[in-house]
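To start, the structure under review is shown below, and the notes come after it.
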Amino acid sequence: MEESQNARTVKHDDIEIRILREKCIGAATCVVYSPSTFDLDESNIAVVKEGQWDELEKIVAGAQSCPVLAIEVYQAGKKLYPTS
Ligand code: SF4
């Protein structure tokens with residue numbers, strides 16, 4: 001998986017979340033859907049939180065809620081969202 005300065009990938013067990021920070025517009029719907037997984041940093045750009053995440057369904061719902069497709073979710077190396 002290619003990593004750039006503006007994409008951050010965080011892994012827990014077999015789940016990986018990638019935030020494309022240059023796309024994020026700080027809409028914060030990901031935080032509403034999955035508050036234990038996503039947060040906004042001081043620049044109002046999404047980050048993945050430390051500690052226990054929400055269950056996978058909520059993480060995917062958070063990614064699906066993002067209006068600019070700035071969140072990618074992988075499980076065991078397989079892309080769950082976005083699917084295209
Ligand atoms: S929903 Fe998307 S645009 Fe909004 S804060 Fe989360 S990652 Fe950023």
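By convention in this document, the chains of the structure tokens carry letters A, B, ... by their order, each chain's residues are numbered from 1, and ligands are numbered from 1 in the order they are shown.
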
Within-8 Å residues of ligand 1, basis only C-alpha atoms and all ligand atoms, as a PyMOL selection string = chain A and resi 19-21+23-31+38-40+44-47+62-63+65-71

Picked from region 3-81 of chain A by DSSP as strand (DSSP E or B), as a ChimeraX atom specification | /A:7-12,15-20,38-40,46-48,71-75,78-81

Take the residues from that selection and put them in a file with C-alpha atoms, as a compact mmCIF listing (two decimals), in the first residue's frame.
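As written to disk, again.txt reads:
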```txt
# COMPACT_ATOMS: atom_id res chain seq x y z
CA ALA A 7 -2.27 9.59 3.81
CA ARG A 8 -2.14 7.92 7.21
CA THR A 9 -2.76 4.25 7.70
CA VAL A 10 -3.46 2.85 11.14
CA LYS A 11 -3.86 -0.84 11.84
CA HIS A 12 -5.62 -2.76 14.61
CA ILE A 15 -8.42 -3.91 10.23
CA GLU A 16 -6.62 -1.04 8.55
CA ILE A 17 -7.97 2.46 8.14
CA ARG A 18 -6.44 4.91 5.72
CA ILE A 19 -7.27 8.59 5.83
CA LEU A 20 -6.53 10.62 2.73
CA PHE A 38 -12.23 8.98 14.27
CA ASP A 39 -11.43 12.41 15.60
CA LEU A 40 -10.45 15.76 14.16
CA ALA A 46 -9.65 13.55 10.44
CA VAL A 47 -7.31 11.28 12.36
CA VAL A 48 -7.70 7.73 13.58
CA ILE A 71 -11.55 7.15 4.38
CA GLU A 72 -10.55 3.71 3.15
CA VAL A 73 -11.15 0.58 5.25
CA TYR A 74 -9.30 -2.71 4.74
CA GLN A 75 -9.71 -6.08 6.41
CA LYS A 78 -8.87 -6.59 1.34
CA LYS A 79 -10.49 -3.25 0.65
CA LEU A 80 -13.95 -3.11 2.25
CA TYR A 81 -14.69 0.50 1.38
```

Have a look at CA of Glu42 (chain A) and CA of Asp13 (chain A) and let me know their distance in Å, one decimal.
->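 A separation of 27.4 Å between them.
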
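Taking CA of Tyr33 (chain A) and CA of Gln52 (chain A) as the two end points, the separation is 15.1 Å.
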
Distance of CA of Ser34 (chain A) from CA of Ile59 (chain A), expressed in Å to one decimal place |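 CA of Ile59 (chain A) sits 5.6 Å away from CA of Ser34 (chain A).
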
Enumerate the residues of chain A with a DSSP assignment of helix (DSSP H, G or I), computed from the backbone, and present them as a list of chain:residue names.
-> A:Thr29, A:Cys30, A:Val31, A:Val32, A:Tyr33, A:Leu56, A:Glu57, A:Lys58, A:Ile59, A:Val60, A:Ala61, A:Gly62, A:Ala63, A:Gln64, A:Ser65

Who sits within 9 Å of Gly51 (chain A), only C-alpha atoms, same chain under 2 positions skipped, as a PyMOL selection string = chain A and resi 36-37+49+53

Please save C-alpha atoms of the selected residues as an mmCIF file, in the first residue's frame.
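Output contents, as saved in again.cif:
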```cif
data_model
loop_
_atom_site.group_PDB
_atom_site.id
_atom_site.type_symbol
_atom_site.label_atom_id
_atom_site.label_comp_id
_atom_site.auth_asym_id
_atom_site.auth_seq_id
_atom_site.Cartn_x
_atom_site.Cartn_y
_atom_site.Cartn_z
ATOM 1 C CA SER A 36 -14.268 5.864 19.121
ATOM 2 C CA THR A 37 -12.414 5.525 15.833
ATOM 3 C CA LYS A 49 -7.799 7.451 17.371
ATOM 4 C CA TRP A 53 -12.116 1.304 17.990
#
```
